[in-house]
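Dropping target-v4.txt in here (compact mmCIF, C-alpha atoms):
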```txt
# COMPACT_ATOMS: atom_id res chain seq x y z
CA MET V 18 -17.54 -56.65 154.10
CA ALA V 19 -19.77 -53.58 154.43
CA GLU V 20 -20.23 -51.38 151.34
CA GLY V 21 -18.80 -48.36 153.16
CA THR V 22 -15.42 -50.03 153.65
CA ASN V 23 -14.92 -51.74 150.30
CA HIS V 24 -11.29 -52.23 149.26
CA LEU V 25 -9.74 -52.24 145.79
CA GLY V 26 -8.07 -55.61 146.18
CA ASP V 27 -11.06 -57.71 145.15
CA PRO V 28 -10.96 -60.79 142.89
CA GLN V 29 -12.80 -59.08 140.03
CA ALA V 30 -10.07 -56.49 139.52
CA GLY V 31 -8.05 -56.41 136.31
CA THR V 32 -4.69 -58.12 136.50
CA GLY V 33 -2.62 -56.14 133.99
CA ALA V 34 0.34 -53.87 134.78
CA LEU V 35 -1.71 -50.82 133.81
CA TRP V 36 -4.45 -51.66 136.30
CA GLU V 37 -1.90 -52.22 139.04
CA ALA V 38 -0.27 -48.85 138.31
CA LEU V 39 -3.62 -47.04 138.37
CA ARG V 40 -4.77 -48.84 141.50
CA ALA V 41 -1.63 -47.67 143.31
CA LEU V 42 -2.68 -44.05 142.73
CA LEU V 43 -6.08 -44.46 144.38
CA PRO V 44 -6.93 -44.58 148.08
CA PRO V 45 -7.33 -48.16 149.38
CA THR V 46 -10.89 -47.48 150.55
CA LYS V 47 -13.85 -45.46 149.36
CA GLU V 48 -13.55 -43.11 152.32
CA GLY V 49 -10.15 -42.02 151.04
CA LEU V 50 -11.75 -40.41 147.98
CA LYS V 51 -13.10 -37.60 150.21
CA LEU V 52 -16.23 -37.00 148.15
CA ASP V 53 -17.26 -33.81 149.97
CA VAL V 54 -18.09 -31.56 147.01
CA GLY V 55 -19.84 -28.76 148.89
CA GLU V 56 -23.40 -27.71 149.55
CA THR V 57 -24.10 -26.20 146.12
CA VAL V 58 -24.07 -29.63 144.45
CA GLU V 59 -27.54 -31.18 144.44
CA ARG V 60 -27.93 -33.92 147.04
CA SER V 61 -29.14 -36.40 144.42
CA VAL V 62 -25.91 -35.94 142.46
CA ALA V 63 -23.75 -36.23 145.59
CA LEU V 64 -25.53 -39.49 146.44
CA LEU V 65 -25.02 -40.72 142.87
CA LEU V 66 -21.31 -39.99 143.20
CA GLU V 67 -21.22 -41.93 146.47
CA ARG V 68 -22.98 -44.81 144.73
CA ALA V 69 -20.46 -44.79 141.87
CA ALA V 70 -17.61 -45.02 144.40
CA GLU V 71 -19.32 -47.93 146.17
CA LEU V 72 -19.72 -49.75 142.86
CA PHE V 73 -16.07 -49.15 142.00
CA TYR V 74 -14.66 -50.33 145.31
CA GLY V 75 -17.13 -53.19 145.33
CA GLY V 76 -15.68 -54.56 142.10
CA ARG V 77 -18.80 -53.76 140.03
CA ARG V 78 -16.91 -51.58 137.62
CA SER V 79 -19.20 -52.07 134.63
CA GLU V 80 -22.02 -50.54 136.68
CA CYS V 81 -19.63 -47.87 137.97
CA LEU V 82 -18.75 -46.96 134.39
CA GLN V 83 -22.42 -46.43 133.54
CA THR V 84 -23.02 -44.40 136.69
CA SER V 85 -19.97 -42.21 136.11
CA GLU V 86 -21.20 -41.42 132.60
CA VAL V 87 -24.51 -40.23 134.04
CA ILE V 88 -22.58 -38.05 136.50
CA LEU V 89 -20.48 -36.62 133.68
CA ASP V 90 -23.49 -35.85 131.50
CA TYR V 91 -25.27 -34.01 134.31
CA SER V 92 -22.24 -32.08 135.60
CA TRP V 93 -21.28 -31.14 132.02
CA GLU V 94 -24.55 -29.22 131.76
CA LYS V 95 -23.70 -27.37 134.97
CA LEU V 96 -20.24 -26.48 133.66
CA ASN V 97 -21.70 -24.99 130.49
CA THR V 98 -24.43 -22.85 132.04
CA GLY V 99 -23.45 -19.20 132.33
CA PRO V 100 -19.97 -17.58 132.49
CA TRP V 101 -17.11 -19.86 133.46
CA GLN V 102 -16.12 -17.70 136.45
CA ASP V 103 -19.58 -18.33 137.94
CA VAL V 104 -19.26 -22.13 137.81
CA ASP V 105 -19.08 -23.47 141.35
CA LYS V 106 -15.94 -25.40 142.25
CA GLY V 107 -18.06 -28.22 143.64
CA TRP V 108 -19.51 -29.00 140.21
CA ARG V 109 -16.03 -28.99 138.72
CA GLN V 110 -14.95 -31.47 141.38
CA VAL V 111 -17.95 -33.68 140.61
CA TYR V 112 -16.91 -33.67 136.96
CA THR V 113 -13.33 -34.57 137.88
CA PHE V 114 -14.43 -37.47 140.12
CA GLY V 115 -16.63 -38.72 137.27
CA CYS V 116 -13.67 -38.55 134.87
CA LEU V 117 -11.41 -40.37 137.34
CA LEU V 118 -13.83 -43.25 137.90
CA LYS V 119 -14.66 -43.57 134.21
CA ALA V 120 -11.03 -43.49 133.10
CA VAL V 121 -9.92 -46.17 135.56
CA CYS V 122 -12.95 -48.39 134.84
CA LEU V 123 -12.17 -48.27 131.13
CA CYS V 124 -8.75 -49.79 131.85
CA GLU V 125 -9.89 -52.79 133.86
CA MET V 126 -9.31 -55.30 131.07
CA PRO V 127 -5.64 -55.64 130.09
CA GLY V 128 -4.52 -55.22 126.49
CA ASP V 129 -7.37 -52.98 125.27
CA THR V 130 -5.44 -50.08 123.72
CA ALA V 131 -8.58 -48.44 122.33
CA ALA V 132 -9.97 -48.26 125.87
CA VAL V 133 -6.68 -46.77 127.12
CA ALA V 134 -6.83 -44.06 124.43
CA ALA V 135 -10.44 -43.32 125.39
CA ALA V 136 -9.45 -43.16 129.07
CA LEU V 137 -6.70 -40.67 128.27
CA ARG V 138 -9.20 -38.44 126.45
CA VAL V 139 -11.48 -38.61 129.51
CA CYS V 140 -8.57 -37.57 131.77
CA ASP V 141 -7.71 -34.62 129.54
CA MET V 142 -11.32 -33.43 129.65
CA GLY V 143 -11.22 -33.65 133.45
CA LEU V 144 -7.99 -31.65 133.54
CA LEU V 145 -9.43 -28.99 131.24
CA MET V 146 -12.88 -28.63 132.78
CA GLY V 147 -12.64 -29.98 136.32
CA ALA V 148 -10.94 -28.97 139.56
CA ALA V 149 -7.98 -30.61 141.29
CA ILE V 150 -8.78 -33.57 143.55
CA LEU V 151 -6.59 -35.97 145.53
CA GLY V 152 -3.38 -34.09 144.85
CA ASP V 153 -3.98 -33.65 141.11
CA VAL V 154 -4.46 -37.38 140.68
CA LEU V 155 -5.74 -36.97 137.10
CA ILE V 156 -2.34 -35.69 135.97
CA LYS V 157 -0.73 -38.82 137.40
CA VAL V 158 -3.37 -41.08 135.84
CA ALA V 159 -2.91 -39.41 132.44
CA THR V 160 0.86 -39.84 132.63
CA ILE V 161 0.49 -43.58 133.30
CA LEU V 162 -2.10 -44.00 130.55
CA GLN V 163 0.10 -42.24 128.02
CA ALA V 164 3.06 -44.47 128.95
CA HIS V 165 0.91 -47.57 128.34
CA LEU V 166 -0.42 -46.36 124.99
CA PRO V 167 1.61 -47.82 122.09
CA SER V 168 2.78 -45.14 119.66
CA GLU V 169 1.20 -46.94 116.72
CA LYS V 170 -2.18 -46.61 118.43
CA ARG V 171 -1.88 -42.86 118.80
CA PRO V 172 -3.38 -40.50 116.21
CA ALA V 173 -1.36 -40.61 113.00
CA GLN V 174 1.22 -37.92 112.45
CA GLY V 175 1.10 -36.05 109.16
CA PRO V 176 4.22 -35.90 106.99
CA THR V 177 4.38 -32.14 106.63
CA TRP V 178 3.39 -28.91 108.30
CA GLU V 179 0.65 -27.06 106.44
CA GLN V 180 0.02 -23.40 107.02
CA PRO V 181 -3.62 -22.55 107.73
CA SER V 182 -5.74 -20.65 105.27
CA PRO V 183 -5.51 -16.83 105.19
CA LYS V 184 -8.64 -16.64 107.33
CA LYS V 185 -6.86 -18.48 110.14
CA ALA V 186 -3.69 -16.39 110.30
CA ARG V 187 -2.24 -13.24 108.82
CA SER V 188 -0.57 -14.07 105.51
CA ASP V 189 3.22 -13.85 105.42
CA HIS V 190 3.36 -10.95 102.95
CA ILE V 191 3.17 -8.56 105.92
CA PRO V 192 6.73 -7.30 106.47
CA ILE V 193 8.60 -7.71 109.70
CA PRO V 194 8.48 -4.35 111.49
CA ASP V 195 11.76 -2.48 111.72
CA VAL V 196 11.89 -1.95 115.47
CA LYS V 197 14.96 0.27 115.02
CA LEU V 198 12.51 2.94 113.90
CA GLU V 199 10.48 2.54 117.09
CA ARG V 200 11.18 3.00 120.80
CA THR V 201 12.46 -0.38 121.85
CA VAL V 202 12.03 -2.29 125.09
CA PRO V 203 15.25 -2.11 127.17
CA ARG V 204 17.30 -5.27 127.63
CA LEU V 205 19.21 -6.60 130.63
CA HIS V 206 21.37 -9.68 131.11
CA CYS V 207 20.44 -11.56 134.30
CA PRO V 208 19.82 -8.56 136.58
CA SER V 209 19.81 -9.15 140.32
CA LEU V 210 16.47 -9.51 142.09
CA GLU V 211 17.01 -6.19 143.85
CA TYR V 212 17.86 -4.34 140.63
CA PHE V 213 14.87 -5.81 138.77
CA LYS V 214 12.50 -4.96 141.61
CA LYS V 215 13.73 -1.38 142.03
CA HIS V 216 14.01 -0.39 138.37
CA PHE V 217 11.27 -2.44 136.66
CA LEU V 218 8.83 -4.27 138.94
CA VAL V 219 7.97 -1.40 141.29
CA PRO V 220 7.87 1.36 138.61
CA GLU V 221 6.06 -1.10 136.27
CA ARG V 222 8.46 -0.82 133.33
CA PRO V 223 8.72 -3.53 130.66
CA VAL V 224 12.12 -5.14 130.11
CA ILE V 225 13.58 -8.07 128.16
CA LEU V 226 15.66 -10.39 130.33
CA GLU V 227 18.48 -12.11 128.50
CA GLY V 228 20.33 -15.16 129.76
CA VAL V 229 17.53 -16.11 132.15
CA ALA V 230 16.02 -18.99 130.18
CA ASN V 231 18.94 -20.17 128.03
CA HIS V 232 19.59 -23.13 130.34
CA TRP V 233 16.01 -24.42 130.28
CA PRO V 234 15.85 -27.91 128.67
CA CYS V 235 13.03 -26.73 126.39
CA MET V 236 15.43 -24.41 124.54
CA LYS V 237 17.27 -27.41 123.12
CA LYS V 238 14.63 -30.13 123.20
CA TRP V 239 11.40 -28.60 121.90
CA SER V 240 10.56 -29.01 118.23
CA LEU V 241 7.50 -30.10 116.29
CA GLU V 242 8.76 -33.68 116.32
CA TYR V 243 9.45 -33.60 120.07
CA ILE V 244 6.06 -32.10 120.89
CA GLN V 245 4.35 -34.79 118.83
CA GLU V 246 6.36 -37.53 120.50
CA ILE V 247 5.72 -36.30 124.03
CA ALA V 248 2.20 -34.91 123.76
CA GLY V 249 0.80 -35.88 120.36
CA CYS V 250 -2.07 -37.97 121.72
CA ARG V 251 -3.15 -35.42 124.35
CA THR V 252 -6.35 -33.39 123.99
CA VAL V 253 -5.86 -29.62 124.31
CA PRO V 254 -7.97 -26.46 123.75
CA VAL V 255 -7.27 -24.78 120.41
CA GLU V 256 -8.15 -21.26 119.30
CA VAL V 257 -9.13 -21.26 115.61
CA GLY V 258 -8.65 -17.90 113.93
CA SER V 259 -6.13 -15.11 113.63
CA LYS V 260 -7.31 -13.27 116.76
CA TYR V 261 -10.13 -13.68 119.24
CA THR V 262 -11.86 -10.47 118.22
CA ASP V 263 -12.55 -11.78 114.69
CA GLU V 264 -16.09 -12.90 113.88
CA ASP V 265 -14.91 -16.29 112.61
CA TRP V 266 -12.78 -16.98 115.71
CA SER V 267 -13.74 -20.06 117.69
CA GLN V 268 -12.44 -22.57 120.21
CA THR V 269 -12.36 -26.34 119.90
CA LEU V 270 -10.74 -29.42 121.41
CA MET V 271 -8.39 -31.69 119.50
CA THR V 272 -5.24 -33.72 120.00
CA VAL V 273 -1.87 -32.06 119.61
CA ASN V 274 -1.19 -34.24 116.57
CA GLU V 275 -4.46 -33.17 114.95
CA PHE V 276 -3.61 -29.51 115.53
CA ILE V 277 -0.09 -29.84 114.12
CA ASN V 278 -1.24 -31.80 111.11
CA ARG V 279 -3.99 -29.27 110.38
CA TYR V 280 -2.40 -25.99 110.75
CA VAL V 281 -0.31 -26.95 120.75
CA MET V 282 0.64 -27.43 129.86
CA ASP V 283 -0.36 -27.87 132.95
CA GLU V 284 -1.87 -31.21 132.02
CA ILE V 285 1.31 -32.51 130.31
CA PRO V 286 4.00 -32.67 133.01
CA GLU V 287 6.63 -34.01 130.57
CA LEU V 288 6.68 -30.58 128.92
CA LYS V 289 6.40 -28.69 132.19
CA GLN V 290 9.59 -30.37 133.39
CA ASP V 291 11.49 -28.65 130.58
CA ILE V 292 10.89 -25.13 131.91
CA SER V 293 11.65 -23.27 135.14
CA ILE V 294 9.72 -20.57 136.95
CA PRO V 295 11.80 -17.36 136.74
CA ASP V 296 13.42 -16.50 140.07
CA TYR V 297 11.98 -12.98 139.82
CA CYS V 298 8.51 -14.40 140.57
CA CYS V 299 9.61 -14.73 144.21
CA LEU V 300 9.25 -10.96 144.45
CA GLY V 301 5.48 -11.36 144.27
CA ASN V 302 2.97 -11.84 147.08
CA GLY V 303 1.62 -15.26 146.10
CA GLU V 304 2.90 -18.80 146.52
CA GLU V 305 4.61 -20.73 143.72
CA ASP V 306 1.54 -22.92 143.17
CA GLU V 307 -0.48 -19.76 142.47
CA ILE V 308 1.61 -18.93 139.40
CA THR V 309 -0.35 -19.65 136.21
CA ILE V 310 1.75 -21.22 133.46
CA ASN V 311 0.40 -21.27 129.90
CA ALA V 312 1.94 -22.56 126.68
CA TRP V 313 1.18 -20.70 123.43
CA PHE V 314 1.80 -22.63 120.20
CA GLY V 315 0.75 -21.36 116.80
CA PRO V 316 1.67 -20.75 113.17
CA GLN V 317 3.25 -17.69 111.61
CA GLY V 318 0.89 -14.72 111.59
CA THR V 319 -1.11 -15.68 114.68
CA VAL V 320 -2.12 -12.48 116.49
CA SER V 321 -3.03 -11.64 120.08
CA PRO V 322 -4.96 -8.35 119.81
CA LEU V 323 -3.92 -5.39 121.94
CA HIS V 324 -5.09 -6.28 125.45
CA GLN V 325 -4.13 -6.13 129.13
CA ASP V 326 -4.00 -8.77 131.86
CA PRO V 327 -4.70 -8.42 135.62
CA GLN V 328 -1.37 -9.98 136.70
CA GLN V 329 2.36 -9.56 136.17
CA ASN V 330 3.58 -11.60 133.21
CA PHE V 331 6.88 -13.12 132.12
CA LEU V 332 6.65 -14.22 128.47
CA ALA V 333 9.44 -16.65 127.54
CA GLN V 334 10.10 -17.36 123.88
CA VAL V 335 11.14 -20.96 123.08
CA ILE V 336 10.65 -21.50 119.33
CA GLY V 337 10.44 -18.80 116.63
CA SER V 338 10.09 -15.07 117.23
CA LYS V 339 7.33 -12.57 117.94
CA TYR V 340 6.78 -8.88 117.28
CA ILE V 341 5.39 -7.21 120.40
CA ARG V 342 4.10 -3.72 121.13
CA LEU V 343 3.56 -2.40 124.66
CA TYR V 344 1.44 0.56 125.79
CA SER V 345 1.29 1.99 129.30
CA PRO V 346 -2.03 1.72 131.20
CA GLN V 347 -1.98 5.53 131.26
CA GLU V 348 -2.71 5.45 127.51
CA SER V 349 -5.90 3.39 127.91
CA GLU V 350 -8.30 6.05 126.61
CA ALA V 351 -6.28 6.42 123.40
CA LEU V 352 -6.43 2.64 122.85
CA TYR V 353 -10.25 2.53 122.68
CA PRO V 354 -11.14 -0.55 124.78
CA HIS V 355 -14.31 -2.42 123.87
CA ASP V 356 -17.43 -1.29 125.74
CA SER V 357 -18.64 -4.80 126.50
CA HIS V 358 -17.73 -6.36 129.85
CA LEU V 359 -16.43 -9.50 128.12
CA LEU V 360 -13.86 -7.56 126.06
CA HIS V 361 -13.27 -4.55 128.28
CA ASN V 362 -9.56 -5.48 128.51
CA THR V 363 -9.16 -5.56 124.70
CA SER V 364 -8.61 -2.66 122.31
CA GLN V 365 -10.83 -2.13 119.27
CA VAL V 366 -7.82 -0.99 117.23
CA ASP V 367 -6.05 -3.18 114.68
CA VAL V 368 -2.57 -2.16 115.83
CA GLU V 369 -0.67 -2.65 112.55
CA ASN V 370 -3.50 -1.38 110.36
CA PRO V 371 -5.37 1.20 112.47
CA ASP V 372 -8.46 3.06 111.30
CA LEU V 373 -7.34 6.52 112.37
CA GLU V 374 -10.58 8.15 111.25
CA LYS V 375 -12.47 5.97 113.71
CA PHE V 376 -9.70 5.93 116.37
CA PRO V 377 -7.80 9.22 115.88
CA ARG V 378 -6.12 9.35 119.32
CA PHE V 379 -4.41 6.00 118.76
CA ALA V 380 -1.74 7.63 116.58
CA GLU V 381 -0.68 9.80 119.52
CA ALA V 382 -0.22 6.96 122.00
CA PRO V 383 3.49 6.27 122.69
CA PHE V 384 4.61 2.66 122.79
CA LEU V 385 7.60 0.37 123.16
CA SER V 386 8.26 -2.51 120.77
CA CYS V 387 10.55 -5.49 120.39
CA ILE V 388 11.15 -8.71 118.53
CA LEU V 389 11.30 -11.46 121.12
CA SER V 390 13.66 -14.28 120.12
CA PRO V 391 14.27 -17.77 121.56
CA GLY V 392 15.83 -17.68 125.02
CA GLU V 393 14.54 -14.19 125.82
CA VAL V 394 12.00 -13.39 128.54
CA LEU V 395 9.82 -10.26 128.36
CA PHE V 396 8.49 -8.74 131.57
CA ILE V 397 5.01 -7.31 130.96
CA PRO V 398 3.85 -5.32 134.01
CA VAL V 399 0.31 -5.78 135.33
CA LYS V 400 -2.33 -3.98 133.23
CA TYR V 401 0.26 -3.08 130.56
CA TRP V 402 -1.36 -3.25 127.12
CA HIS V 403 0.39 -5.64 124.73
CA TYR V 404 -0.05 -6.73 121.12
CA VAL V 405 1.68 -9.88 119.83
CA ARG V 406 2.20 -11.27 116.32
CA ALA V 407 4.08 -14.48 115.58
CA LEU V 408 6.75 -13.93 112.92
CA ASP V 409 7.41 -17.67 112.60
CA LEU V 410 5.99 -20.93 113.83
CA SER V 411 6.09 -20.03 117.50
CA PHE V 412 6.09 -21.63 120.94
CA SER V 413 6.05 -19.40 124.01
CA VAL V 414 5.45 -19.93 127.72
CA SER V 415 3.88 -17.30 129.96
CA PHE V 416 4.02 -17.01 133.73
CA TRP V 417 1.23 -14.97 135.33
CA TRP V 418 1.95 -13.97 138.94
CA SER V 419 0.83 -11.45 141.53
```

Write-out of the structure in structure tokens:
Amino acid sequence: MAEGTNHLGDPQAGTGALWEALRALLPPTKEGLKLDVGETVERSVALLLERAAELFYGGRRSECLQTSEVILDYSWEKLNTGPWQDVDKGWRQVYTFGCLLKAVCLCEMPGDTAAVAAALRVCDMGLLMGAAILGDVLIKVATILQAHLPSEKRPAQGPTWEQPSPKKARSDHIPIPDVKLERTVPRLHCPSLEYFKKHFLVPERPVILEGVANHWPCMKKWSLEYIQEIAGCRTVPVEVGSKYTDEDWSQTLMTVNEFINRYVMDEIPELKQDISIPDYCCLGNGEEDEITINAWFGPQGTVSPLHQDPQQNFLAQVIGSKYIRLYSPQESEALYPHDSHLLHNTSQVDVENPDLEKFPRFAEAPFLSCILSPGEVLFIPVKYWHYVRALDLSFSVSFWWS
């Protein structure tokens, strides 16, 4: 059989149930991988990727594993050179193909749970850093790997929740704001699409929608224990620090269990199944697959500094509550945005402890406020400035749409 038409069903393939499940996700021939990663990817790397696929479909998976690691090392350097928005999609696809081949090769021998755990970590890295290929095949691979990973082989779960040090979150001596003394965000119970569009979407007015998310499964199912059971062994990005404008703020990667024991969505479909995209998103111009869904999980006192986003946003509260302040884009000058391009959408002002000598106009800026509780959904219009502080251990889900 010619190398270009190698099939997966060769005698050297693993014989376990895991291998069979993974094999069913992959195209039967190398050509089905569709390795066209664009012209910006160096030809030598594209040829190396082709060679890795030939080795895989030719049954030489030990050699494929080594080749895929070379591909990952090289493409990793490309992913970490310059701003993320400037990284070409082709290099992200190369990285994803490398992760796919490596993850599946690691699982060739049945019964090796350490290899399965390593393969799952590789998949998560591909989901975080790569680009979708073959109909988001990495999500499907990760789901199968997680199902075949015995719970006793997953990272150990700690017995108690420990709050982070004061440097990592605002300490709980800060009182809960009395929003009755402030102008509050209006509330509506399940408004019609027409009413929401006319009175809030078009005029760009914030509103809390009640009764919209109460039926979501996450409102009853999600807890620390449930998150650990469903996603404890998955690797996720974690922001370390009270807010991203602090000097000691940083980002790292760790498993959900590690994060929970120390102080987590798209890549964990079991959690995504517990939520629903608000019907009001249909009023936008984009398709449903263009809606960005993010999960925000953190301890009491975690702060999102006053900032604005370039899209419409529905923020749904699932666990705990949050204090939120909202400022109109018309007040931007009084909010003193950072001068740097990187933080131009973020205010320099510490909202609950402002330096009015340095930022005198901030005191004059009108705002709306609210305490967002479980089951409530806050509409934050595009470019509306918002400040968020978690009043409890908190889990929220945001939907960014155009």

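Nearest residue to Val139 of chain V, choosing from V:Ser61, V:Leu89, V:His165, V:Trp101 and counting all atoms listed in the file: V:Leu89.
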
* Asked: So which residues touch Leu39 of chain V within 8 Å, counting all atoms listed in the file, skipping near sequence neighbours fewer than 6 positions away, as a ChimeraX atom specification?
  -> /V:121,158,161

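Straight-line separation from atom CA of His358 of chain V to atom CA of Gly99 of chain V: 14.3 Å.
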
Leu410 of chain V environment, 6 Å, all atoms listed in the file, sequence neighbours closer than 3 positions dropped, as a PDB file with C-alpha atoms, in the frame of the given file:
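Output file around36.pdb is given in full below:
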```pdb
ATOM      1  CA  PRO V 316       1.670 -20.750 113.170  1.00  0.00           C
ATOM      2  CA  GLN V 317       3.250 -17.690 111.610  1.00  0.00           C
ATOM      3  CA  GLY V 337      10.440 -18.800 116.630  1.00  0.00           C
TER       4      GLY V 337
END
```

* **Val154 of chain V surroundings by all atoms listed in the file, 12 Å radius, close-in-sequence under 3 positions cut, as an MDAnalysis selection string** => chainID V and resid 39:44 50 113:114 116:118 120:121 140:141 143:144 147:151 157:161 284

* So how far away is atom CA of His232 of chain V from atom CA of Tyr212 of chain V, in Å? ->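 Straight-line distance from atom CA of Tyr212 of chain V to atom CA of His232 of chain V works out to 21.5 Å.
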
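Between Asn274 of chain V and the residues V:Arg204, V:Arg342, V:Arg251, V:Lys289, the shortest atom-to-atom distance, using only C-alpha atoms, involves V:Arg251.
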
* Answer as number ranges by chain, residues within 12 Å of (0.3, 0.6, 129.1) using only C-alpha atoms -> V: 221-223, 323-326, 342-352, 362, 364, 382-386, 397-404

* Asked: When you draw a straight line from atom CA of Asp291 of chain V to atom CA of Ile336 of chain V, how long is it in Å?
  ->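 So the answer is 13.4 Å.
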
* To do: Please provide as an NGL selection string all residues within 10 Å of Tyr91 of chain V, with the sequence filter that same-chain residues fewer than 3 positions apart are discarded (counting all atoms listed in the file).
  => :V and (62 or 85-88 or 94-96 or 108 or 111-112)
